Amino acid sequence: MVVPRILRVRSASPSIDTLHVRLNRGQTPSLFEERADALAHALLAQRVAVVKIKPQVIGLVIERENPFGSDPIPAIDLPHAADEVDLGAIELGDTEYGTAWTQSLLGQHLFVAGATGSGKGSLLWSPLRGMAPLLRDRVVLPDVIDLKEGMETEIGAPLFHRRAIEWADAVSVVESFRDELKARQAVLREQGRRKFTPSVETPLRLLQIDELGMMTSYGPASEVRGVLKLLSEIMTQGRAAGFGVCGYVQEPTKDTVPVRELFTARVCLSVTSQSQVDMVLGDGMRLRGALADEIPLDPAHAGIGFVVEQGSRNPLRVRASFQTDQDIRDLVAFVTSGRPRLHAVA
Ligand SMILES: Nc1ncnc2c1ncn2[C@@H]1O[C@H](COP(=O)(O)OP(=O)(O)OP(=O)(O)O)[C@@H](O)[C@H]1O
Ligand SMILES: [Mg+2]
């Protein structure tokens, strides 16, 4: 019997290996796809995915185990003092190595893709929790657009500087965000400063947009173009001035999110097709182990996904920590204690 030759073995992490395999004459990638389950059992792996690399060569991505338990990772303890917060490393959850998964929110635009129920909500709240004292001190001012009737963000509404739950308000939130960016740029220029430092005078501004596709594609056609123009302006110019965008999408295609390439940090939770993985994380990342399309869409796996950290060429498996409604209420109580209630736009 002629055994297919293994050309190369790569391990992105302790639990994911990629084998490059040369097919024997007469074998096809679909033959391996059909047998993927048997292969997984034979290799004592959780799952095996087959990726076409070039004629006669396939990649077998072998995921050995799910490093995360089925219970959610609890929210981090609320930081109470501003000096406990490092905006360059906000904790979002755990990595598959059991270390903290952190993400900078300074000069970054964060893109989170995942099917409905994949856990995008936890990545809306965890950045805010991680910077709680700075929200309280108004050194960070977050805006949110939540066109799903405001359901997702209702409970945390007092955390936000502006909150829009209807189209017209959403557009005006984006416009104001751009106008503030312009004003900030003028101030920095006047002061001869190129680098921005978050302070009460010049707060870090965040614009979190849940269901970003509503703003960039599904909204009224005549207005979507204007929104895209504003977002492009904000995202190309905002980083140095302290204006960041976090976008959450179910459908990460370029048609839905034409500004996708302007995001600087990406998270791929469970997605519905293989091609979406590379759309979010970059070419070749699924082959390197980011089997985000294979993450089951159920509560035991919500919040699990992949990221590619700066300076790395391998995907890293992560799981977002989960904030219960009570956690969010506690966050609101902490942030708003002793200050008058903010007015939402909506
Ligand atoms: N990080 C997490 N860890 C564990 N469970 C989670 C996590 N995030 C969310 N969940 C669970 O999964 C459910 C769905 O999550 P969530 O509402 O965040 O999905 P979503 O991606 O925002 O979906 P949609 O696109 O429909 O808004 C939540 O109700 C919660 O029970
Ligand atoms: Mg959601």
# chains A, B, ... in the order shown; residues from 1 in each chain; ligands from 1
call {"tool": "residues_near_ligand", "arguments": {"ligand": "ligand 2", "cutoff": "9 Å", "atoms": "only C-alpha atoms and all ligand atoms", "output": "ChimeraX atom specification"}}
result
/A:116-122,124,148,151-152,210-211,248-250
call {"tool": "closest_atom_pairs", "arguments": {"of": "chain A", "to": "ligand 1", "cutoff": "10 Å", "atoms": "only C-alpha atoms and all ligand atoms", "output": "tab-separated table"}}
result
residue	atom	partner	partner_atom_place_in_ligand_line	distance
A:Gly69	CA	ligand 1	4 (C)	9.9
A:Ser70	CA	ligand 1	4 (C)	8.0
A:Asp71	CA	ligand 1	4 (C)	6.8
A:Pro72	CA	ligand 1	4 (C)	4.0
A:Ile73	CA	ligand 1	3 (N)	6.0
A:Pro74	CA	ligand 1	3 (N)	8.0
A:Ala75	CA	ligand 1	1 (N)	8.9
A:Leu92	CA	ligand 1	1 (N)	9.0
A:Gly93	CA	ligand 1	1 (N)	7.8
A:Asp94	CA	ligand 1	1 (N)	10.0
A:Val112	CA	ligand 1	21 (O)	9.1
A:Ala113	CA	ligand 1	21 (O)	8.1
A:Gly114	CA	ligand 1	21 (O)	5.7
A:Ala115	CA	ligand 1	25 (O)	5.8
A:Thr116	CA	ligand 1	25 (O)	3.5
A:Gly117	CA	ligand 1	19 (O)	3.5
A:Ser118	CA	ligand 1	21 (O)	4.1
A:Gly119	CA	ligand 1	18 (O)	3.3
A:Lys120	CA	ligand 1	21 (O)	3.7
A:Gly121	CA	ligand 1	18 (O)	3.3
A:Ser122	CA	ligand 1	8 (N)	4.7
A:Leu123	CA	ligand 1	1 (N)	7.5
A:Leu124	CA	ligand 1	18 (O)	8.3
A:Trp125	CA	ligand 1	18 (O)	9.5
A:Ser126	CA	ligand 1	1 (N)	9.2
A:Asp146	CA	ligand 1	27 (O)	9.9
A:Lys148	CA	ligand 1	27 (O)	8.2
A:Met151	CA	ligand 1	27 (O)	9.2
A:Glu152	CA	ligand 1	27 (O)	7.2
A:Asp210	CA	ligand 1	27 (O)	7.9
A:Glu211	CA	ligand 1	25 (O)	7.1
A:Tyr248	CA	ligand 1	22 (O)	8.1
A:Val249	CA	ligand 1	25 (O)	7.1
A:Gln250	CA	ligand 1	25 (O)	5.8
A:Glu251	CA	ligand 1	25 (O)	9.5
A:Leu269	CA	ligand 1	21 (O)	8.2
A:Ser270	CA	ligand 1	21 (O)	8.6
A:Val271	CA	ligand 1	21 (O)	9.8
A:Leu297	CA	ligand 1	12 (O)	8.6
A:Asp298	CA	ligand 1	12 (O)	7.0
A:Pro299	CA	ligand 1	12 (O)	4.9
A:Ala300	CA	ligand 1	4 (C)	6.5
A:His301	CA	ligand 1	4 (C)	6.6
A:Ala302	CA	ligand 1	6 (C)	4.4
A:Gly303	CA	ligand 1	1 (N)	3.6
A:Ile304	CA	ligand 1	1 (N)	6.9
A:Gly305	CA	ligand 1	1 (N)	9.7
A:Val318	CA	ligand 1	1 (N)	9.8
A:Arg319	CA	ligand 1	1 (N)	6.3
A:Ala320	CA	ligand 1	1 (N)	4.2
A:Ser321	CA	ligand 1	1 (N)	4.5
A:Phe322	CA	ligand 1	1 (N)	4.1
A:Gln323	CA	ligand 1	1 (N)	7.6
A:Thr324	CA	ligand 1	30 (C)	8.3
call {"tool": "residues_around", "arguments": {"residues": "Val227 of chain A", "least_positions_apart": "5", "cutoff": "10 Å", "atoms": "only C-alpha atoms", "output": "number ranges by chain"}}
result
A: 170-172, 174-175, 215-217, 219, 222, 232-233
call {"tool": "residues_around", "arguments": {"residues": "Ser176 of chain A", "least_positions_apart": "2", "cutoff": "12 Å", "atoms": "only C-alpha atoms", "output": "list in words"}}
result
Asp143, His161, Arg162, Arg163, Ala164, Asp169, Ala170, Val171, Ser172, Val173, Val174, Arg178, Asp179, Glu180, Leu181, Lys182, Ala183, Arg205, Leu207, Val227, Leu230, Leu231, Ile234, Phe243 and Val345 of chain A
call {"tool": "select_by_dssp", "arguments": {"residues": "segment 22-197 of chain A", "states": "strand (DSSP E)", "output": "PyMOL selection string"}}
result
chain A and resi 22+47-54+57-63+73-74+90-95+100-103+110-113+140-146+162-164
call {"tool": "closest_atom_pairs", "arguments": {"of": "segment 55-109 of chain A", "to": "segment 17-30 of chain A", "cutoff": "8 Å", "atoms": "only C-alpha atoms", "output": "Markdown table"}}
result
| residue | atom | partner | partner_atom | distance |
| --- | --- | --- | --- | --- |
| A:Gln56 | CA | A:Leu23 | CA | 5.0 |
| A:Val57 | CA | A:Arg22 | CA | 4.5 |
| A:Ile58 | CA | A:Val21 | CA | 5.4 |
| A:Gly59 | CA | A:His20 | CA | 4.5 |
| A:Leu60 | CA | A:Leu19 | CA | 5.0 |
| A:Val61 | CA | A:Thr18 | CA | 4.5 |
| A:Ile62 | CA | A:Asp17 | CA | 5.2 |
| A:Glu63 | CA | A:Asp17 | CA | 6.7 |
call {"tool": "write_last_selection", "arguments": {"atoms": "all heavy atoms", "output": "PDB file, in the first residue's frame"}}
result
ATOM      1  N   GLN A  56      -2.516  18.221  -5.662  1.00  0.00           N
ATOM      2  CA  GLN A  56      -1.867  17.066  -5.041  1.00  0.00           C
ATOM      3  C   GLN A  56      -1.367  17.289  -3.603  1.00  0.00           C
ATOM      4  O   GLN A  56      -0.810  16.377  -3.010  1.00  0.00           O
ATOM      5  CB  GLN A  56      -0.697  16.573  -5.896  1.00  0.00           C
ATOM      6  CG  GLN A  56      -1.167  15.891  -7.173  1.00  0.00           C
ATOM      7  CD  GLN A  56      -0.195  14.832  -7.632  1.00  0.00           C
ATOM      8  OE1 GLN A  56       0.998  15.093  -7.688  1.00  0.00           O
ATOM      9  NE2 GLN A  56      -0.697  13.653  -7.912  1.00  0.00           N
ATOM     10  N   VAL A  57      -1.545  18.499  -3.090  1.00  0.00           N
ATOM     11  CA  VAL A  57      -1.110  18.716  -1.701  1.00  0.00           C
ATOM     12  C   VAL A  57      -2.296  19.261  -0.888  1.00  0.00           C
ATOM     13  O   VAL A  57      -2.943  20.225  -1.294  1.00  0.00           O
ATOM     14  CB  VAL A  57       0.074  19.701  -1.606  1.00  0.00           C
ATOM     15  CG1 VAL A  57       0.455  19.941  -0.146  1.00  0.00           C
ATOM     16  CG2 VAL A  57       1.267  19.175  -2.388  1.00  0.00           C
ATOM     17  N   ILE A  58      -2.559  18.628   0.241  1.00  0.00           N
ATOM     18  CA  ILE A  58      -3.602  19.134   1.134  1.00  0.00           C
ATOM     19  C   ILE A  58      -3.002  19.426   2.504  1.00  0.00           C
ATOM     20  O   ILE A  58      -1.910  18.933   2.835  1.00  0.00           O
ATOM     21  CB  ILE A  58      -4.759  18.116   1.313  1.00  0.00           C
ATOM     22  CG1 ILE A  58      -4.221  16.773   1.838  1.00  0.00           C
ATOM     23  CG2 ILE A  58      -5.557  17.939   0.025  1.00  0.00           C
ATOM     24  CD1 ILE A  58      -5.297  15.852   2.359  1.00  0.00           C
ATOM     25  N   GLY A  59      -3.722  20.231   3.245  1.00  0.00           N
ATOM     26  CA  GLY A  59      -3.352  20.444   4.635  1.00  0.00           C
ATOM     27  C   GLY A  59      -4.367  19.726   5.516  1.00  0.00           C
ATOM     28  O   GLY A  59      -5.558  19.775   5.249  1.00  0.00           O
ATOM     29  N   LEU A  60      -3.878  19.026   6.519  1.00  0.00           N
ATOM     30  CA  LEU A  60      -4.777  18.439   7.510  1.00  0.00           C
ATOM     31  C   LEU A  60      -4.594  19.237   8.792  1.00  0.00           C
ATOM     32  O   LEU A  60      -3.509  19.234   9.380  1.00  0.00           O
ATOM     33  CB  LEU A  60      -4.413  16.974   7.779  1.00  0.00           C
ATOM     34  CG  LEU A  60      -4.642  15.962   6.652  1.00  0.00           C
ATOM     35  CD1 LEU A  60      -4.222  14.571   7.126  1.00  0.00           C
ATOM     36  CD2 LEU A  60      -6.108  15.950   6.236  1.00  0.00           C
ATOM     37  N   VAL A  61      -5.634  19.945   9.171  1.00  0.00           N
ATOM     38  CA  VAL A  61      -5.549  20.721  10.415  1.00  0.00           C
ATOM     39  C   VAL A  61      -6.132  19.855  11.519  1.00  0.00           C
ATOM     40  O   VAL A  61      -7.298  19.458  11.466  1.00  0.00           O
ATOM     41  CB  VAL A  61      -6.310  22.054  10.304  1.00  0.00           C
ATOM     42  CG1 VAL A  61      -6.116  22.871  11.574  1.00  0.00           C
ATOM     43  CG2 VAL A  61      -5.838  22.835   9.085  1.00  0.00           C
ATOM     44  N   ILE A  62      -5.293  19.538  12.491  1.00  0.00           N
ATOM     45  CA  ILE A  62      -5.699  18.596  13.542  1.00  0.00           C
ATOM     46  C   ILE A  62      -5.841  19.345  14.868  1.00  0.00           C
ATOM     47  O   ILE A  62      -4.874  19.888  15.401  1.00  0.00           O
ATOM     48  CB  ILE A  62      -4.641  17.477  13.673  1.00  0.00           C
ATOM     49  CG1 ILE A  62      -4.514  16.758  12.326  1.00  0.00           C
ATOM     50  CG2 ILE A  62      -5.009  16.502  14.790  1.00  0.00           C
ATOM     51  CD1 ILE A  62      -3.264  15.906  12.223  1.00  0.00           C
ATOM     52  N   GLU A  63      -7.082  19.403  15.341  1.00  0.00           N
ATOM     53  CA  GLU A  63      -7.332  20.088  16.610  1.00  0.00           C
ATOM     54  C   GLU A  63      -7.437  19.019  17.675  1.00  0.00           C
ATOM     55  O   GLU A  63      -8.348  18.191  17.648  1.00  0.00           O
ATOM     56  CB  GLU A  63      -8.645  20.861  16.469  1.00  0.00           C
ATOM     57  CG  GLU A  63      -8.739  22.073  17.356  1.00  0.00           C
ATOM     58  CD  GLU A  63     -10.015  22.851  17.063  1.00  0.00           C
ATOM     59  OE1 GLU A  63     -11.047  22.538  17.675  1.00  0.00           O
ATOM     60  OE2 GLU A  63      -9.975  23.740  16.212  1.00  0.00           O
TER      61      GLU A  63
END
call {"tool": "select_by_dssp", "arguments": {"residues": "segment 29-93 of chain A", "states": "alpha helix (DSSP H)", "output": "list in words"}}
result
Pro29, Ser30, Leu31, Phe32, Glu33, Glu34, Ala36, Asp37, Ala38, Leu39, Ala40, His41 and Ala42 of chain A
call {"tool": "closest_atom_pairs", "arguments": {"of": "segment 139-226 of chain A", "to": "segment 81-85 of chain A", "cutoff": "12 Å", "atoms": "only C-alpha atoms", "output": "JSON lines"}}
result
{"residue": "A:Val139", "atom": "CA", "partner": "A:Ala82", "partner_atom": "CA", "distance": 9.3}
{"residue": "A:Val140", "atom": "CA", "partner": "A:Ala82", "partner_atom": "CA", "distance": 11.0}
{"residue": "A:Pro198", "atom": "CA", "partner": "A:Ala82", "partner_atom": "CA", "distance": 11.6}
{"residue": "A:Ser199", "atom": "CA", "partner": "A:Ala82", "partner_atom": "CA", "distance": 11.2}
call {"tool": "residues_around", "arguments": {"residues": "Ile165 of chain A", "least_positions_apart": "2", "cutoff": "6 Å", "atoms": "only C-alpha atoms", "output": "VMD selection string"}}
result
chain A and resid 146 to 147 149 to 150
call {"tool": "residues_around", "arguments": {"residues": "Arg47 of chain A", "least_positions_apart": "2", "cutoff": "8 Å", "atoms": "only C-alpha atoms", "output": "list in words"}}
result
Ala36, Asp37, Ala40, Ala45, Ala49, Ile62, Glu63 and Arg64 of chain A
call {"tool": "atom_distance", "arguments": {"atom1": "atom CA of Ser104 of chain A", "atom2": "atom CA of Ala89 of chain A"}}
result
4.6 Å
call {"tool": "residues_around", "arguments": {"residues": "Gly247 of chain A", "least_positions_apart": "3", "cutoff": "7 Å", "atoms": "only C-alpha atoms", "output": "mmCIF file with C-alpha atoms, in the first residue's frame"}}
result
data_model
loop_
_atom_site.group_PDB
_atom_site.id
_atom_site.type_symbol
_atom_site.label_atom_id
_atom_site.label_comp_id
_atom_site.auth_asym_id
_atom_site.auth_seq_id
_atom_site.Cartn_x
_atom_site.Cartn_y
_atom_site.Cartn_z
ATOM 1 C CA LEU A 110 -11.245 46.244 16.790
ATOM 2 C CA PHE A 111 -13.219 43.977 14.469
ATOM 3 C CA VAL A 112 -15.221 41.123 15.969
ATOM 4 C CA GLN A 208 -18.713 50.594 19.505
ATOM 5 C CA ILE A 209 -21.016 49.555 16.674
ATOM 6 C CA ASP A 210 -23.016 46.392 17.228
ATOM 7 C CA LEU A 212 -21.946 47.022 11.998
#
call {"tool": "atom_distance", "arguments": {"atom1": "atom CA of Arg239 of chain A", "atom2": "atom CA of Gln108 of chain A"}}
result
6.3 Å
call {"tool": "closest_residue", "arguments": {"among": "A:Ile328, A:Val200, A:His80, A:Arg339", "to": "Glu154 of chain A", "atoms": "only C-alpha atoms"}}
result
A:Ile328
call {"tool": "atom_distance", "arguments": {"atom1": "atom CA of Leu31 of chain A", "atom2": "atom CA of Asp283 of chain A"}}
result
24.3 Å
